[in-house]
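Student: Sharing a structure with you now.
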Amino acid sequence: MGLFRLTTQLVEQYKRSLKVTEIEEAFDLLIYRPFAFLFVKIVYPTNLTPNQVSTMAMAVGAAGGVLFGFGYYYYLILGACFYFACNVLDCADGQIARLKKTGTKIGRIVDGFIDYVVSSVVYGGIAIGMTRLQLNTDLVLSGNVFDINPYVYIWVLSLLAGLSSAFQAVMLDFYRNKYLEYAYGKFNSLEEEIKEFEEEKIRINQPGAERGFFDNLLISVYLKYTRIQLEIQMKRKKHNPDQTPDSRKYYSKNKVLIHFWSYIGSTTHLTICLICALANKMEFFLLICLLPLNLLMLVLYLIQSRVNKYLT
C-alpha cells in the first residue's frame with residue numbers, strides 16, 4: 001500500500017506540473033517532461049528558482065548549438081546531448097513554477113526569449129558545421145538538386161529552415177491560445193496582457209523595488225511585440241468579424257486537431273534534430289523543417305479553417 005500511495009502521489013504531482021494536457025506537445029509528454037519531473041523532484045527542496053533554471057537551459061542549449069558548429073560526428077553527438085538537456089530544463093522551469101506557485105511575469109517572457117536565442121544559435125551552428133565539412137571533406141548535399149553553390153545552398157537552407165520552424169511555432173501558439181481561450185477560458189486577451197505588463201513595469205520601477213535593466217528591456221520588447229499583435233488582430237476583426245464559439249462545441253471539434261498541431265511545435269523540431277545528429281544527417285533535419293513540416297502546417301491550416309466555419 002505504501003508503494004501504491006507513493007506512486008499515486010507522484011502521478012498527481014506530475015499532473016499538477018503540466019499545462020492543460022491537450023495543448024502539451026506530444027514529444028514533451030512522451031520524453032522530455034518525465035525527465036524534467038525527475039529533475040524537479042531532485043531540486044524541489046532547494047532554493048533554485050524557475051528563472052535560474054531557464055538561464056541554465058539557455059546556456060546549455062547555446063552550448064549545444066556551438067558544438068553543432070564544429071560539424072564532425074563526435075561534436076554532433078555532444079551537441080545533441082546538450083540540446084536534449086536544454087529542453088528538459090526548459091520543461092522543468094515551468095513545472096517548478098507550477099508546483100511551487102512561484103511563476104512570475106518576467107519568467108513568462110524569459111521562457112519564450114530563451115527558445116528564440118537557443119534556436120538561433122542551433123540553426124547558425126548547423127550552418128557553420130556543414131560549411132566546415134564542405135570545406136574539409138566535400139560534403140555530399142543530397143538536397144542540392146539544382147547544383148547551386150554549396151555554401152549558398154547550406155546557408156539559404158539553414159535560414160529558410162530556421163524561419164519555417166519559427167513560423168510553425170507561432171502558428172502552434174496561436175491555435176493553442178485560441179484553444180485555451182475558447183475551450184477553457186484560460187487565456188488573457190491582448191488588451192489584458194498589455195495592461196498586466198504595463199503595471200508590472202511600473203511596479204519594478206518604483207523606488208525600493210527589485211529591478212534591473214534586463215527586466216525592463218524584456219518587458220519593453222514584449223509590450224512592443226504585443227501591441228503589434230493587437231494592431232494586427234484589430235485589423236483582422238474589422239475586416240472579418242467573428243463570434244465567440246460555444247466552449248463545449250469548440251472543445252469537441254478541436255480536441256483532436258489541437259493534438260496534431262503539436263507536431264509542428266519546437267519540440268518536434270528538436271527531436272528530429274537529435275535523431276538527425278545521431279544519424280550524422282543534419283541536412284535532412286533542415287529539409288524536414290522546410291518541406292514535410294510546412295506541408296503538414298498547410299494541411300492543418302486548411303482543416304482548421306474548415307472546422308472554424310462550423311463554429312461561427
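Numbering starts fresh at 1 for the residues of each chain in the C-alpha cells, the chains themselves are lettered A, B, ... in the order given, and ligands are numbered from 1 as they appear.
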Using DSSP secondary structure from the backbone, list all alpha helix (DSSP H) positions within stretch 122-228 of chain A, as number ranges by chain.
Tutor: A: 122-137, 150-179, 190-204, 213-228
Student: Go ahead and write the selection's residues with C-alpha atoms as an mmCIF file, in the first residue's frame.
Tutor:
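Dumped to again-v5.cif:
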```
data_model
loop_
_atom_site.group_PDB
_atom_site.id
_atom_site.type_symbol
_atom_site.label_atom_id
_atom_site.label_comp_id
_atom_site.auth_asym_id
_atom_site.auth_seq_id
_atom_site.Cartn_x
_atom_site.Cartn_y
_atom_site.Cartn_z
ATOM 1 C CA VAL A 122 21.401 25.950 -33.127
ATOM 2 C CA TYR A 123 20.475 26.779 -36.730
ATOM 3 C CA GLY A 124 23.524 29.012 -37.040
ATOM 4 C CA GLY A 125 25.681 26.255 -35.579
ATOM 5 C CA ILE A 126 24.311 23.706 -38.031
ATOM 6 C CA ALA A 127 25.076 26.032 -40.964
ATOM 7 C CA ILE A 128 28.621 26.652 -39.714
ATOM 8 C CA GLY A 129 29.183 22.937 -39.100
ATOM 9 C CA MET A 130 28.003 21.967 -42.571
ATOM 10 C CA THR A 131 30.189 24.716 -44.052
ATOM 11 C CA ARG A 132 33.214 23.339 -42.184
ATOM 12 C CA LEU A 133 32.523 19.857 -43.516
ATOM 13 C CA GLN A 134 32.096 21.203 -47.039
ATOM 14 C CA LEU A 135 35.448 22.988 -46.801
ATOM 15 C CA ASN A 136 37.308 19.990 -45.398
ATOM 16 C CA THR A 137 35.568 16.882 -46.731
ATOM 17 C CA PRO A 150 27.154 24.513 -51.949
ATOM 18 C CA TYR A 151 27.879 27.307 -49.456
ATOM 19 C CA VAL A 152 24.937 29.371 -50.704
ATOM 20 C CA TYR A 153 22.772 26.230 -50.538
ATOM 21 C CA ILE A 154 23.810 25.475 -46.939
ATOM 22 C CA TRP A 155 23.152 28.984 -45.630
ATOM 23 C CA VAL A 156 19.913 29.575 -47.543
ATOM 24 C CA LEU A 157 18.604 26.157 -46.479
ATOM 25 C CA SER A 158 19.539 26.830 -42.831
ATOM 26 C CA LEU A 159 17.917 30.285 -42.900
ATOM 27 C CA LEU A 160 14.695 29.043 -44.519
ATOM 28 C CA ALA A 161 14.512 26.047 -42.173
ATOM 29 C CA GLY A 162 15.011 28.304 -39.144
ATOM 30 C CA LEU A 163 12.362 30.788 -40.310
ATOM 31 C CA SER A 164 9.977 27.910 -41.089
ATOM 32 C CA SER A 165 10.472 26.447 -37.622
ATOM 33 C CA ALA A 166 9.805 29.833 -36.010
ATOM 34 C CA PHE A 167 6.647 30.391 -38.059
ATOM 35 C CA GLN A 168 5.399 26.874 -37.326
ATOM 36 C CA ALA A 169 5.909 27.506 -33.595
ATOM 37 C CA VAL A 170 3.978 30.797 -33.884
ATOM 38 C CA MET A 171 1.094 29.012 -35.622
ATOM 39 C CA LEU A 172 1.006 26.357 -32.905
ATOM 40 C CA ASP A 173 0.993 29.031 -30.190
ATOM 41 C CA PHE A 174 -1.821 30.903 -31.941
ATOM 42 C CA TYR A 175 -4.161 27.905 -32.114
ATOM 43 C CA ARG A 176 -3.094 26.652 -28.696
ATOM 44 C CA ASN A 177 -4.005 30.016 -27.176
ATOM 45 C CA LYS A 178 -7.313 30.006 -29.050
ATOM 46 C CA TYR A 179 -7.996 26.566 -27.623
ATOM 47 C CA LEU A 190 -4.038 41.023 -25.659
ATOM 48 C CA GLU A 191 -5.508 44.146 -24.054
ATOM 49 C CA GLU A 192 -5.387 42.448 -20.629
ATOM 50 C CA GLU A 193 -1.868 41.198 -21.332
ATOM 51 C CA ILE A 194 -0.665 44.713 -22.207
ATOM 52 C CA LYS A 195 -2.295 46.208 -19.108
ATOM 53 C CA GLU A 196 -0.794 43.485 -16.906
ATOM 54 C CA PHE A 197 2.756 44.060 -18.142
ATOM 55 C CA GLU A 198 2.441 47.847 -18.107
ATOM 56 C CA GLU A 199 1.519 47.564 -14.417
ATOM 57 C CA GLU A 200 4.458 45.202 -13.850
ATOM 58 C CA LYS A 201 6.837 47.697 -15.483
ATOM 59 C CA ILE A 202 5.543 50.471 -13.208
ATOM 60 C CA ARG A 203 5.935 48.188 -10.177
ATOM 61 C CA ILE A 204 9.559 47.222 -10.821
ATOM 62 C CA PHE A 213 17.993 46.733 -16.817
ATOM 63 C CA PHE A 214 17.348 43.255 -18.245
ATOM 64 C CA ASP A 215 13.829 43.034 -16.761
ATOM 65 C CA ASN A 216 12.944 46.480 -18.089
ATOM 66 C CA LEU A 217 14.309 45.632 -21.517
ATOM 67 C CA LEU A 218 12.399 42.346 -21.721
ATOM 68 C CA ILE A 219 9.099 43.945 -20.708
ATOM 69 C CA SER A 220 9.587 46.852 -23.142
ATOM 70 C CA VAL A 221 10.300 44.494 -26.048
ATOM 71 C CA TYR A 222 7.393 42.242 -25.077
ATOM 72 C CA LEU A 223 4.989 45.184 -24.857
ATOM 73 C CA LYS A 224 6.085 46.402 -28.295
ATOM 74 C CA TYR A 225 5.594 42.915 -29.752
ATOM 75 C CA THR A 226 2.185 42.505 -28.077
ATOM 76 C CA ARG A 227 0.953 45.907 -29.292
ATOM 77 C CA ILE A 228 1.860 44.937 -32.860
#
```
Student: Neighbours of stretch 245-258 of chain A within 9 Å (only C-alpha atoms; same-chain residues fewer than 3 positions away dropped), as a VMD selection string?
Tutor: chain A and resid 22 to 23 172 175 to 176 179 181 to 185 242 261 to 262 300 303 to 304 307 to 308 311 to 312
Student: Excluding A:Lys100 and its own-chain neighbours fewer than 5 positions away, which residues fall within 12 Å of it when counting only C-alpha atoms? Please give them as a PyMOL selection string.
Tutor: chain A and resi 13+16-17+40-41+43-50+92-95
Student: Smallest atom-to-atom distance to A:Ser266: which of A:Gly107, A:Ala85, A:Ser305, A:Ala26, using only C-alpha atoms?
Tutor: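 Ranked by minimum distance to A:Ser266, first place goes to A:Ala26.
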Student: Sorted by chain and rising residue number, which residues of stretch 46-81 of chain A lie within 6 Å of stretch 110-118 of chain A, and what are their closest atom pairs and distances in Å to one decimal, counting only C-alpha atoms, as a Markdown table?
Tutor:
```
| residue | atom | partner | partner_atom | distance |
| --- | --- | --- | --- | --- |
| A:Met58 | CA | A:Ile114 | CA | 5.6 |
| A:Gly61 | CA | A:Val118 | CA | 5.5 |
| A:Ala62 | CA | A:Val118 | CA | 5.2 |
```
Student: Rounded to one decimal place, report the atom CA of A:Asp28-atom CA of A:Leu287 distance in Å.
Tutor: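 Between these atoms lies a distance of 22.5 Å.
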Student: I'd like the neighbourhood of A:Ile288 as a list in words, where a residue qualifies if any of its atoms comes within 12 Å (using only C-alpha atoms), though same-chain residues fewer than 3 positions away should be ignored.
Tutor: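 Near A:Ile288, the qualifying residues are Gly143, Leu157, Ser158, Leu160, Ala161, Gly162, Ser164, Ser165, Ile264, Thr268, His269, Leu270, Thr271, Ile272, Cys273, Ile275, Cys276, Lys281, Met282, Glu283, Phe284, Phe285, Leu291, Pro292, Leu293, Asn294, Leu295 and Leu296 of chain A.
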Student: Residues as selected, N, CA and C atoms, written as an mmCIF file, in the first residue's frame, can you do that?
Tutor:
```cif
data_model
loop_
_atom_site.group_PDB
_atom_site.id
_atom_site.type_symbol
_atom_site.label_atom_id
_atom_site.label_comp_id
_atom_site.auth_asym_id
_atom_site.auth_seq_id
_atom_site.Cartn_x
_atom_site.Cartn_y
_atom_site.Cartn_z
ATOM 1 N N GLY A 143 20.135 17.314 -51.085
ATOM 2 C CA GLY A 143 19.021 18.162 -51.481
ATOM 3 C C GLY A 143 19.376 19.233 -52.486
ATOM 4 N N LEU A 157 19.410 27.246 -47.051
ATOM 5 C CA LEU A 157 18.604 26.157 -46.479
ATOM 6 C C LEU A 157 18.475 26.321 -44.966
ATOM 7 N N SER A 158 19.573 26.649 -44.291
ATOM 8 C CA SER A 158 19.539 26.830 -42.831
ATOM 9 C C SER A 158 18.646 27.992 -42.438
ATOM 10 N N LEU A 160 16.099 29.351 -44.232
ATOM 11 C CA LEU A 160 14.695 29.043 -44.519
ATOM 12 C C LEU A 160 14.136 28.029 -43.525
ATOM 13 N N ALA A 161 14.961 27.042 -43.149
ATOM 14 C CA ALA A 161 14.512 26.047 -42.173
ATOM 15 C C ALA A 161 14.275 26.700 -40.814
ATOM 16 N N GLY A 162 15.171 27.601 -40.411
ATOM 17 C CA GLY A 162 15.011 28.304 -39.144
ATOM 18 C C GLY A 162 13.774 29.187 -39.127
ATOM 19 N N SER A 164 11.133 28.812 -41.041
ATOM 20 C CA SER A 164 9.977 27.910 -41.089
ATOM 21 C C SER A 164 9.648 27.384 -39.704
ATOM 22 N N SER A 165 10.685 26.975 -38.975
ATOM 23 C CA SER A 165 10.472 26.447 -37.622
ATOM 24 C C SER A 165 9.857 27.505 -36.709
ATOM 25 N N ILE A 264 3.965 20.325 -35.139
ATOM 26 C CA ILE A 264 4.808 21.314 -35.822
ATOM 27 C C ILE A 264 5.482 22.228 -34.800
ATOM 28 N N THR A 268 9.049 19.055 -31.613
ATOM 29 C CA THR A 268 9.168 18.172 -32.775
ATOM 30 C C THR A 268 10.451 18.483 -33.534
ATOM 31 N N HIS A 269 10.717 19.777 -33.755
ATOM 32 C CA HIS A 269 11.950 20.168 -34.441
ATOM 33 C C HIS A 269 13.172 19.673 -33.673
ATOM 34 N N LEU A 270 13.131 19.856 -32.356
ATOM 35 C CA LEU A 270 14.257 19.441 -31.532
ATOM 36 C C LEU A 270 14.481 17.930 -31.632
ATOM 37 N N THR A 271 13.404 17.152 -31.546
ATOM 38 C CA THR A 271 13.523 15.695 -31.583
ATOM 39 C C THR A 271 14.062 15.216 -32.925
ATOM 40 N N ILE A 272 13.579 15.803 -34.004
ATOM 41 C CA ILE A 272 14.096 15.444 -35.335
ATOM 42 C C ILE A 272 15.560 15.837 -35.446
ATOM 43 N N CYS A 273 15.917 16.988 -34.885
ATOM 44 C CA CYS A 273 17.311 17.436 -34.893
ATOM 45 C C CYS A 273 18.201 16.419 -34.176
ATOM 46 N N ILE A 275 17.645 13.200 -33.685
ATOM 47 C CA ILE A 275 17.718 11.960 -34.468
ATOM 48 C C ILE A 275 18.687 12.125 -35.636
ATOM 49 N N CYS A 276 18.577 13.257 -36.324
ATOM 50 C CA CYS A 276 19.463 13.507 -37.477
ATOM 51 C C CYS A 276 20.918 13.693 -37.043
ATOM 52 N N LYS A 281 23.154 13.288 -40.183
ATOM 53 C CA LYS A 281 22.439 13.757 -41.374
ATOM 54 C C LYS A 281 21.761 15.096 -41.088
ATOM 55 N N MET A 282 22.531 16.116 -40.770
ATOM 56 C CA MET A 282 21.941 17.391 -40.390
ATOM 57 C C MET A 282 21.228 18.069 -41.549
ATOM 58 N N GLU A 283 21.655 17.813 -42.777
ATOM 59 C CA GLU A 283 20.957 18.372 -43.930
ATOM 60 C C GLU A 283 19.517 17.873 -43.964
ATOM 61 N N PHE A 284 19.303 16.594 -43.602
ATOM 62 C CA PHE A 284 17.957 16.029 -43.609
ATOM 63 C C PHE A 284 17.054 16.761 -42.612
ATOM 64 N N PHE A 285 17.626 17.143 -41.470
ATOM 65 C CA PHE A 285 16.854 17.896 -40.480
ATOM 66 C C PHE A 285 16.335 19.199 -41.078
ATOM 67 N N LEU A 291 10.247 21.272 -45.716
ATOM 68 C CA LEU A 291 9.282 20.657 -46.633
ATOM 69 C C LEU A 291 8.148 19.904 -45.919
ATOM 70 N N PRO A 292 8.361 18.729 -45.337
ATOM 71 C CA PRO A 292 7.244 17.995 -44.739
ATOM 72 C C PRO A 292 6.495 18.756 -43.648
ATOM 73 N N LEU A 293 7.227 19.460 -42.766
ATOM 74 C CA LEU A 293 6.547 20.153 -41.668
ATOM 75 C C LEU A 293 5.763 21.365 -42.157
ATOM 76 N N ASN A 294 6.261 22.057 -43.183
ATOM 77 C CA ASN A 294 5.472 23.143 -43.763
ATOM 78 C C ASN A 294 4.230 22.599 -44.470
ATOM 79 N N LEU A 295 4.380 21.449 -45.116
ATOM 80 C CA LEU A 295 3.217 20.815 -45.754
ATOM 81 C C LEU A 295 2.192 20.414 -44.709
ATOM 82 N N LEU A 296 2.654 19.839 -43.599
ATOM 83 C CA LEU A 296 1.738 19.472 -42.514
ATOM 84 C C LEU A 296 1.033 20.710 -41.975
#
```
